[in-house]
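Enquirer: One file is attached below, data.cif, containing mmCIF, C-alpha atoms and all ligand atoms.
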data_work
loop_
_atom_site.group_PDB
_atom_site.id
_atom_site.type_symbol
_atom_site.label_atom_id
_atom_site.label_comp_id
_atom_site.auth_asym_id
_atom_site.auth_seq_id
_atom_site.Cartn_x
_atom_site.Cartn_y
_atom_site.Cartn_z
ATOM 1 C CA MET A 461 11.532 13.877 -13.267
ATOM 2 C CA ARG A 462 7.924 14.001 -14.389
ATOM 3 C CA GLU A 463 6.733 17.376 -15.688
ATOM 4 C CA PRO A 464 4.372 19.090 -13.235
ATOM 5 C CA THR A 465 0.709 18.882 -14.203
ATOM 6 C CA THR A 466 -0.388 22.069 -15.942
ATOM 7 C CA ASN A 467 -3.912 21.991 -14.639
ATOM 8 C CA PRO A 468 -3.987 20.826 -11.022
ATOM 9 C CA ARG A 469 -7.453 20.635 -9.480
ATOM 10 C CA VAL A 470 -8.407 21.539 -5.937
ATOM 11 C CA MET A 471 -10.818 19.357 -3.952
ATOM 12 C CA GLY A 472 -12.408 21.051 -0.921
ATOM 13 C CA ILE A 473 -13.344 19.014 2.157
ATOM 14 C CA VAL A 474 -16.810 18.937 3.735
ATOM 15 C CA ASN A 475 -17.342 16.640 6.721
ATOM 16 C CA VAL A 476 -20.957 15.992 7.682
ATOM 17 C CA THR A 477 -20.700 14.800 11.237
ATOM 18 C CA PRO A 478 -22.937 15.524 14.220
ATOM 19 C CA ASP A 479 -21.478 18.328 16.257
ATOM 20 C CA SER A 480 -24.010 19.227 18.915
ATOM 21 C CA PHE A 481 -26.805 17.828 21.027
ATOM 22 C CA SER A 482 -30.463 18.750 20.734
ATOM 23 C CA ASP A 483 -33.179 17.372 23.044
ATOM 24 C CA GLY A 484 -30.882 14.570 24.124
ATOM 25 C CA GLY A 485 -30.204 13.418 20.546
ATOM 26 C CA ARG A 486 -27.342 14.129 18.208
ATOM 27 C CA PHE A 487 -28.153 17.166 16.050
ATOM 28 C CA LEU A 488 -26.928 16.864 12.496
ATOM 29 C CA ASP A 489 -26.301 20.225 10.887
ATOM 30 C CA VAL A 490 -26.835 19.449 7.217
ATOM 31 C CA GLY A 491 -27.419 23.156 6.519
ATOM 32 C CA SER A 492 -23.932 24.081 7.742
ATOM 33 C CA ALA A 493 -22.384 21.369 5.584
ATOM 34 C CA ILE A 494 -24.215 22.695 2.509
ATOM 35 C CA ALA A 495 -23.138 26.268 3.309
ATOM 36 C CA GLN A 496 -19.555 25.085 3.752
ATOM 37 C CA GLY A 497 -19.647 23.272 0.379
ATOM 38 C CA LEU A 498 -20.997 26.367 -1.362
ATOM 39 C CA ARG A 499 -18.339 28.532 0.286
ATOM 40 C CA LEU A 500 -15.537 26.217 -0.865
ATOM 41 C CA HIS A 501 -17.022 26.230 -4.374
ATOM 42 C CA GLU A 502 -17.041 30.048 -4.378
ATOM 43 C CA GLU A 503 -13.447 30.059 -3.112
ATOM 44 C CA GLY A 504 -12.436 28.149 -6.229
ATOM 45 C CA ALA A 505 -12.703 24.447 -5.391
ATOM 46 C CA ASP A 506 -13.003 22.416 -8.595
ATOM 47 C CA LEU A 507 -14.901 19.802 -6.672
ATOM 48 C CA VAL A 508 -16.082 19.273 -3.109
ATOM 49 C CA ASP A 509 -15.554 15.987 -1.229
ATOM 50 C CA VAL A 510 -18.486 15.184 1.080
ATOM 51 C CA GLY A 511 -17.985 12.594 3.823
ATOM 52 C CA GLY A 512 -20.308 11.331 6.560
ATOM 53 C CA GLU A 513 -17.961 8.888 8.304
ATOM 54 C CA SER A 514 -14.744 10.104 9.869
ATOM 55 C CA THR A 515 -11.593 8.393 8.596
ATOM 56 C CA ARG A 516 -9.349 9.965 11.239
ATOM 57 C CA PRO A 517 -7.069 7.584 13.125
ATOM 58 C CA GLY A 518 -9.127 5.868 15.847
ATOM 59 C CA ALA A 519 -12.480 6.918 14.370
ATOM 60 C CA ALA A 520 -15.389 4.521 14.884
ATOM 61 C CA ALA A 521 -17.501 3.325 11.942
ATOM 62 C CA VAL A 522 -21.072 4.580 11.348
ATOM 63 C CA ASP A 523 -23.880 2.454 9.923
ATOM 64 C CA VAL A 524 -25.239 2.740 6.393
ATOM 65 C CA ALA A 525 -28.537 4.397 7.319
ATOM 66 C CA GLU A 526 -26.789 7.097 9.338
ATOM 67 C CA GLU A 527 -24.195 7.752 6.641
ATOM 68 C CA LEU A 528 -26.937 8.065 4.004
ATOM 69 C CA ARG A 529 -28.852 10.467 6.250
ATOM 70 C CA ARG A 530 -25.765 12.642 6.640
ATOM 71 C CA VAL A 531 -24.442 12.652 3.097
ATOM 72 C CA ILE A 532 -27.228 12.431 0.538
ATOM 73 C CA PRO A 533 -29.094 15.696 1.329
ATOM 74 C CA VAL A 534 -25.786 17.554 1.127
ATOM 75 C CA VAL A 535 -24.905 15.967 -2.226
ATOM 76 C CA GLU A 536 -28.365 16.770 -3.625
ATOM 77 C CA ALA A 537 -28.212 20.395 -2.491
ATOM 78 C CA LEU A 538 -24.671 21.008 -3.801
ATOM 79 C CA VAL A 539 -25.336 19.298 -7.147
ATOM 80 C CA SER A 540 -28.503 21.394 -7.588
ATOM 81 C CA GLU A 541 -26.302 24.503 -7.187
ATOM 82 C CA GLY A 542 -23.915 23.325 -9.907
ATOM 83 C CA VAL A 543 -21.152 22.105 -7.594
ATOM 84 C CA GLU A 544 -19.110 19.104 -8.723
ATOM 85 C CA VAL A 545 -19.289 16.653 -5.849
ATOM 86 C CA SER A 546 -17.136 13.738 -4.765
ATOM 87 C CA VAL A 547 -18.366 11.427 -2.005
ATOM 88 C CA ASP A 548 -15.941 9.962 0.508
ATOM 89 C CA THR A 549 -17.362 6.544 1.410
ATOM 90 C CA MET A 550 -16.394 2.889 1.750
ATOM 91 C CA LYS A 551 -19.974 1.584 1.506
ATOM 92 C CA PRO A 552 -21.547 0.333 -1.752
ATOM 93 C CA GLU A 553 -25.041 1.429 -0.632
ATOM 94 C CA VAL A 554 -23.813 4.984 -0.083
ATOM 95 C CA MET A 555 -21.907 4.899 -3.389
ATOM 96 C CA ARG A 556 -25.069 3.939 -5.276
ATOM 97 C CA ALA A 557 -27.184 6.596 -3.562
ATOM 98 C CA ALA A 558 -24.492 9.240 -4.093
ATOM 99 C CA ILE A 559 -24.247 8.386 -7.791
ATOM 100 C CA GLY A 560 -28.061 8.583 -8.013
ATOM 101 C CA ALA A 561 -27.921 12.008 -6.357
ATOM 102 C CA GLY A 562 -25.492 13.297 -8.990
ATOM 103 C CA ALA A 563 -22.010 12.776 -7.512
ATOM 104 C CA ALA A 564 -19.200 12.939 -10.063
ATOM 105 C CA MET A 565 -16.634 10.935 -8.090
ATOM 106 C CA ILE A 566 -16.529 8.276 -5.393
ATOM 107 C CA ASN A 567 -13.512 8.658 -3.122
ATOM 108 C CA ASP A 568 -12.958 5.343 -1.353
ATOM 109 C CA VAL A 569 -10.144 5.210 1.221
ATOM 110 C CA ASN A 570 -10.745 1.443 1.227
ATOM 111 C CA ALA A 571 -10.029 1.269 -2.541
ATOM 112 C CA PHE A 572 -13.332 -0.476 -3.398
ATOM 113 C CA ARG A 573 -12.468 -3.602 -1.393
ATOM 114 C CA ALA A 574 -15.907 -3.941 0.241
ATOM 115 C CA ALA A 575 -18.178 -6.574 -1.294
ATOM 116 C CA GLY A 576 -20.245 -4.883 -4.025
ATOM 117 C CA ALA A 577 -18.161 -1.688 -4.133
ATOM 118 C CA ILE A 578 -16.588 -2.346 -7.527
ATOM 119 C CA GLU A 579 -19.992 -3.242 -8.985
ATOM 120 C CA ALA A 580 -21.511 -0.052 -7.570
ATOM 121 C CA ILE A 581 -18.995 2.096 -9.419
ATOM 122 C CA ALA A 582 -18.638 -0.050 -12.549
ATOM 123 C CA SER A 583 -22.314 0.288 -13.435
ATOM 124 C CA SER A 584 -21.987 4.097 -13.455
ATOM 125 C CA LYS A 585 -19.981 6.736 -15.315
ATOM 126 C CA VAL A 586 -18.457 8.491 -12.303
ATOM 127 C CA ASP A 587 -14.763 8.748 -11.441
ATOM 128 C CA ALA A 588 -13.218 6.543 -8.786
ATOM 129 C CA CYS A 589 -10.439 7.472 -6.370
ATOM 130 C CA VAL A 590 -8.579 4.437 -5.025
ATOM 131 C CA MET A 591 -6.515 5.190 -1.943
ATOM 132 C CA HIS A 592 -3.945 3.103 -0.100
ATOM 133 C CA MET A 593 -4.682 2.382 3.557
ATOM 134 C CA LYS A 594 -2.958 -0.178 5.780
ATOM 135 C CA GLY A 595 -5.502 -1.527 8.272
ATOM 136 C CA THR A 596 -8.688 0.360 9.158
ATOM 137 C CA PRO A 597 -9.137 3.911 10.481
ATOM 138 C CA GLU A 598 -9.601 2.399 13.960
ATOM 139 C CA THR A 599 -6.270 0.546 13.961
ATOM 140 C CA MET A 600 -4.113 1.942 11.173
ATOM 141 C CA GLN A 601 -1.744 4.098 13.226
ATOM 142 C CA ALA A 602 -0.814 1.278 15.639
ATOM 143 C CA ASP A 603 2.814 0.726 14.627
ATOM 144 C CA PRO A 604 2.509 0.517 10.822
ATOM 145 C CA ARG A 605 5.455 -1.287 9.166
ATOM 146 C CA TYR A 606 6.621 -1.816 5.591
ATOM 147 C CA ASP A 607 9.710 -3.392 4.035
ATOM 148 C CA ASP A 608 9.564 -0.854 1.194
ATOM 149 C CA VAL A 609 6.701 1.591 1.583
ATOM 150 C CA VAL A 610 6.932 3.068 -1.929
ATOM 151 C CA ALA A 611 7.049 -0.335 -3.656
ATOM 152 C CA GLU A 612 4.228 -1.767 -1.521
ATOM 153 C CA VAL A 613 1.910 1.223 -1.877
ATOM 154 C CA SER A 614 2.569 1.469 -5.637
ATOM 155 C CA ALA A 615 1.889 -2.243 -6.176
ATOM 156 C CA TYR A 616 -1.327 -1.999 -4.173
ATOM 157 C CA LEU A 617 -2.580 1.006 -6.156
ATOM 158 C CA VAL A 618 -1.897 -0.709 -9.476
ATOM 159 C CA GLU A 619 -3.624 -3.888 -8.272
ATOM 160 C CA ARG A 620 -6.741 -1.959 -7.179
ATOM 161 C CA ALA A 621 -6.830 0.149 -10.364
ATOM 162 C CA ARG A 622 -6.574 -3.038 -12.454
ATOM 163 C CA ALA A 623 -9.412 -4.602 -10.450
ATOM 164 C CA LEU A 624 -11.617 -1.641 -11.393
ATOM 165 C CA GLU A 625 -10.540 -1.820 -15.031
ATOM 166 C CA ALA A 626 -11.291 -5.556 -15.128
ATOM 167 C CA ALA A 627 -14.848 -4.698 -14.047
ATOM 168 C CA GLY A 628 -15.198 -2.222 -16.916
ATOM 169 C CA VAL A 629 -14.109 1.077 -15.368
ATOM 170 C CA ALA A 630 -12.178 3.028 -18.021
ATOM 171 C CA PRO A 631 -8.654 4.004 -16.869
ATOM 172 C CA GLU A 632 -9.453 7.719 -17.454
ATOM 173 C CA ARG A 633 -12.042 7.419 -14.667
ATOM 174 C CA ILE A 634 -9.525 6.163 -12.104
ATOM 175 C CA VAL A 635 -7.523 8.361 -9.712
ATOM 176 C CA ILE A 636 -4.875 6.866 -7.404
ATOM 177 C CA ASP A 637 -3.816 8.174 -3.996
ATOM 178 C CA PRO A 638 -0.917 7.033 -1.755
ATOM 179 C CA GLY A 639 -3.069 7.735 1.320
ATOM 180 C CA PHE A 640 -0.856 9.997 3.419
ATOM 181 C CA GLY A 641 -1.418 9.278 7.115
ATOM 182 C CA PHE A 642 -3.421 6.092 6.560
ATOM 183 C CA GLY A 643 -1.285 3.473 8.298
ATOM 184 C CA LYS A 644 1.928 5.459 7.854
ATOM 185 C CA THR A 645 4.497 7.129 10.068
ATOM 186 C CA LEU A 646 6.019 10.498 9.211
ATOM 187 C CA GLU A 647 8.969 8.625 7.632
ATOM 188 C CA HIS A 648 6.609 6.590 5.429
ATOM 189 C CA ASN A 649 4.769 9.746 4.380
ATOM 190 C CA VAL A 650 7.997 11.545 3.511
ATOM 191 C CA ALA A 651 9.260 8.577 1.469
ATOM 192 C CA LEU A 652 5.959 8.457 -0.455
ATOM 193 C CA PHE A 653 5.937 12.193 -1.004
ATOM 194 C CA ARG A 654 9.472 12.114 -2.381
ATOM 195 C CA ALA A 655 8.374 9.302 -4.712
ATOM 196 C CA LEU A 656 5.514 11.368 -6.146
ATOM 197 C CA PRO A 657 7.206 11.852 -9.550
ATOM 198 C CA ALA A 658 7.376 8.055 -9.926
ATOM 199 C CA ILE A 659 3.828 7.533 -8.611
ATOM 200 C CA CYS A 660 2.599 10.196 -11.035
ATOM 201 C CA SER A 661 4.210 8.241 -13.881
ATOM 202 C CA MET A 662 2.109 5.139 -13.197
ATOM 203 C CA GLY A 663 -0.505 6.090 -15.787
ATOM 204 C CA TYR A 664 -3.320 7.405 -13.576
ATOM 205 C CA PRO A 665 -4.070 10.883 -12.239
ATOM 206 C CA VAL A 666 -2.834 11.227 -8.650
ATOM 207 C CA LEU A 667 -4.607 12.771 -5.659
ATOM 208 C CA VAL A 668 -2.621 14.018 -2.650
ATOM 209 C CA GLY A 669 -4.231 14.719 0.717
ATOM 210 C CA LEU A 670 -1.982 16.117 3.436
ATOM 211 C CA SER A 671 -4.127 19.049 4.522
ATOM 212 C CA ARG A 672 -3.793 19.742 8.268
ATOM 213 C CA LYS A 673 -2.650 16.166 8.880
ATOM 214 C CA LYS A 674 -0.411 14.979 11.718
ATOM 215 C CA SER A 675 2.637 14.895 9.430
ATOM 216 C CA ILE A 676 2.265 18.646 8.875
ATOM 217 C CA GLY A 677 1.998 19.044 12.648
ATOM 218 C CA ASP A 678 5.045 16.820 13.230
ATOM 219 C CA ILE A 679 7.132 18.877 10.795
ATOM 220 C CA THR A 680 6.000 22.315 11.947
ATOM 221 C CA GLY A 681 5.148 21.705 15.605
ATOM 222 C CA ARG A 682 1.739 23.332 14.967
ATOM 223 C CA LYS A 683 -1.728 22.392 16.252
ATOM 224 C CA VAL A 684 -4.423 21.393 13.738
ATOM 225 C CA ASP A 685 -5.887 24.893 13.317
ATOM 226 C CA GLU A 686 -2.394 26.383 12.817
ATOM 227 C CA ARG A 687 -1.380 24.154 9.905
ATOM 228 C CA VAL A 688 -2.627 26.267 6.976
ATOM 229 C CA ALA A 689 0.787 27.451 5.740
ATOM 230 C CA GLY A 690 2.329 23.993 6.096
ATOM 231 C CA SER A 691 -0.625 22.441 4.263
ATOM 232 C CA VAL A 692 -0.459 24.955 1.413
ATOM 233 C CA ALA A 693 3.293 24.318 1.045
ATOM 234 C CA ALA A 694 2.666 20.566 0.827
ATOM 235 C CA ALA A 695 -0.147 20.991 -1.727
ATOM 236 C CA LEU A 696 2.003 23.224 -3.900
ATOM 237 C CA LEU A 697 4.972 20.862 -3.806
ATOM 238 C CA ALA A 698 2.647 17.950 -4.612
ATOM 239 C CA VAL A 699 1.444 19.826 -7.699
ATOM 240 C CA GLN A 700 5.034 20.677 -8.625
ATOM 241 C CA ASN A 701 5.813 16.963 -8.462
ATOM 242 C CA GLY A 702 2.945 15.984 -10.737
ATOM 243 C CA ALA A 703 -0.162 15.596 -8.536
ATOM 244 C CA ASN A 704 -3.366 16.249 -10.491
ATOM 245 C CA LEU A 705 -5.656 16.794 -7.528
ATOM 246 C CA VAL A 706 -5.041 18.120 -4.004
ATOM 247 C CA ARG A 707 -7.597 17.502 -1.237
ATOM 248 C CA VAL A 708 -7.595 20.506 1.111
ATOM 249 C CA HIS A 709 -9.487 22.298 3.877
ATOM 250 C CA ASP A 710 -8.082 25.741 2.992
ATOM 251 C CA VAL A 711 -9.325 26.171 -0.551
ATOM 252 C CA ARG A 712 -8.892 29.924 -0.947
ATOM 253 C CA GLU A 713 -5.261 29.854 0.230
ATOM 254 C CA THR A 714 -4.400 26.811 -1.912
ATOM 255 C CA VAL A 715 -6.041 28.264 -5.031
ATOM 256 C CA ASP A 716 -4.121 31.535 -4.550
ATOM 257 C CA ALA A 717 -0.839 29.658 -4.104
ATOM 258 C CA ILE A 718 -1.403 27.639 -7.294
ATOM 259 C CA LYS A 719 -2.277 30.844 -9.209
ATOM 260 C CA VAL A 720 0.993 32.456 -8.133
ATOM 261 C CA TRP A 721 2.960 29.261 -8.850
ATOM 262 C CA ARG A 722 1.494 29.140 -12.372
ATOM 263 C CA ALA A 723 1.966 32.875 -13.075
ATOM 264 C CA LEU A 724 5.614 32.647 -12.047
ATOM 265 C CA GLY A 725 6.254 29.728 -14.369
ATOM 266 C CA GLY A 726 5.858 26.797 -11.959
ATOM 267 C CA ASP A 727 3.942 24.860 -14.595
ATOM 268 C CA ARG A 728 6.623 25.130 -17.309
HETATM 269 C C1 LIG B 1 -11.266 10.999 3.233
HETATM 270 N N1 LIG B 1 -9.851 11.308 3.207
HETATM 271 C C2 LIG B 1 -9.097 11.783 4.238
HETATM 272 N N2 LIG B 1 -7.827 11.932 3.851
HETATM 273 C C3 LIG B 1 -7.778 11.550 2.550
HETATM 274 C C4 LIG B 1 -6.753 11.463 1.605
HETATM 275 O O1 LIG B 1 -5.501 11.771 1.912
HETATM 276 N N3 LIG B 1 -7.049 11.028 0.366
HETATM 277 C C5 LIG B 1 -8.326 10.679 0.047
HETATM 278 N N4 LIG B 1 -8.563 10.248 -1.203
HETATM 279 N N5 LIG B 1 -9.342 10.733 0.910
HETATM 280 C C6 LIG B 1 -9.060 11.156 2.141
#
Give the structure from this file in structure tokens form.

Expert:
Amino acid sequence: MREPTTNPRVMGIVNVTPDSFSDGGRFLDVGSAIAQGLRLHEEGADLVDVGGESTRPGAAAVDVAEELRRVIPVVEALVSEGVEVSVDTMKPEVMRAAIGAGAAMINDVNAFRAAGAIEAIASSKVDACVMHMKGTPETMQADPRYDDVVAEVSAYLVERARALEAAGVAPERIVIDPGFGFGKTLEHNVALFRALPAICSMGYPVLVGLSRKKSIGDITGRKVDERVAGSVAAALLAVQNGANLVRVHDVRETVDAIKVWRALGGDR
């Protein structure tokens, strides 16, 4: 089995989505998103992932102008406060603007498959997270099927990482992610999780995102806001199995758990 990573990093999640109405129009609370990013940074997040388009199952797409309006002011504000920022986007225009605003990573659940996405990242120095997703957020949970989920996801991740390398992205800049919950049943997610030691031996750092997801709810029987303990357990086991980066909502709890794990010899 692969040795656990000695220095796992924690990525905090900031979603910039409209959450209230003002004078008949959607009111976008950029200030709350910035405050949330700063709070996660203070709680010990190594980097903060900012997203302006929901990737939840069934979520509708947003257009480029709206996504830019949501994300870029938050990136600028967090970077100016010394926060390392990742931007969760599938759109090359948003990638370019985010890189211009100082983002250190582009996290693309679509694995840079959009026209112009590889070029947007290749002409920069930022890191790139390539994630596996079967289908689109709108359709992905409609009866996903695989012959061999681990083999298919692994082959896809290698193919996408090689596509980035062929465009000039150095392998050290590439992070791979099995994409838990993105076109996968609980069984698929469990099979991928159990294969983490092998996935972590593929030559790229690995990101795991299970925080508060349906799989945690399916296992524990808990509602979304009651999934903290289950999410922390999953993050810790991911780290134990070699994950380099865990993407989480509950930064303080995850950072504490990793500290205890390390102090008690989990990283030996
Ligand atoms: C945006 N987003 C939601 N879940 C995610 C996950 O599991 N991994 C990555 N890379 N991004 C995610």

Enquirer: Step by step, measure atom-to-atom distances between ligand LIG 1 (chain B) and each residue using all atoms listed in the file, keep those at most 8 Å, then write them as a PyMOL selection string.

Expert: chain A and resi 509+511+514-516+548-549+567-569+589-591+636-642+667-671+707

Enquirer: Give me the residues within 9 Å of A:Glu513 as a PyMOL selection string, counting all atoms listed in the file and dropping any in the same chain fewer than 5 places off.

Expert: chain A and resi 475-477+519-523+527+530+548-549

Enquirer: Take the PyMOL selection byres (((chain A and resi 630) around 12) and not hetatm), apply it to the structure above, and return the hits as a list of chain:residue names.

Expert: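 Expected selection for the PyMOL selection byres (((chain A and resi 630) around 12) and not hetatm) here is A:Ile581, A:Ala582, A:Ser583, A:Ser584, A:Lys585, A:Val586, A:Asp587, A:Ala588, A:Ala621, A:Arg622, A:Ala623, A:Leu624, A:Glu625, A:Ala626, A:Ala627, A:Gly628, A:Val629, A:Pro631, A:Glu632, A:Arg633, A:Ile634, A:Val635, A:Tyr664.
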
Enquirer: Evaluate the PyMOL selection byres (((chain A and resi 537-539) around 9) and not hetatm) here and jot the selected residues down as a tab-separated table (two decimals) with C-alpha atoms, in the coordinates of the input.

Expert:
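Generated file (selection37.tsv):
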chain	number	residue	atom	x	y	z
A	494	ILE	CA	-24.22	22.70	2.51
A	495	ALA	CA	-23.14	26.27	3.31
A	497	GLY	CA	-19.65	23.27	0.38
A	498	LEU	CA	-21.00	26.37	-1.36
A	508	VAL	CA	-16.08	19.27	-3.11
A	532	ILE	CA	-27.23	12.43	0.54
A	533	PRO	CA	-29.09	15.70	1.33
A	534	VAL	CA	-25.79	17.55	1.13
A	535	VAL	CA	-24.90	15.97	-2.23
A	536	GLU	CA	-28.36	16.77	-3.62
A	540	SER	CA	-28.50	21.39	-7.59
A	541	GLU	CA	-26.30	24.50	-7.19
A	542	GLY	CA	-23.92	23.32	-9.91
A	543	VAL	CA	-21.15	22.10	-7.59
A	544	GLU	CA	-19.11	19.10	-8.72
A	545	VAL	CA	-19.29	16.65	-5.85
A	561	ALA	CA	-27.92	12.01	-6.36
A	562	GLY	CA	-25.49	13.30	-8.99
A	563	ALA	CA	-22.01	12.78	-7.51

Enquirer: For each of A:Phe653, A:Glu553, A:Ala577, A:Leu646, take the minimum atom-to-atom distance to A:Val613, counting all atoms listed in the file, then give the residue where this is smallest.

Expert: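 Among A:Phe653, A:Glu553, A:Ala577, A:Leu646, it is A:Phe653 that comes nearest to A:Val613.
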
Enquirer: Using all atoms listed in the file, pick whichever of A:Tyr606, A:Arg620, A:Pro517, A:Val715 has the shortest atom-to-atom distance to A:Lys673.

Expert: A:Pro517

Enquirer: Considering all atoms listed in the file, return as a PyMOL selection string whatever protein or nucleic-acid residues lie within 12 Å of A:Arg712, sequence-local ones (same chain, fewer than 2 positions apart) excluded.

Expert: chain A and resi 470-472+499-506+688+692+708-710+714-719
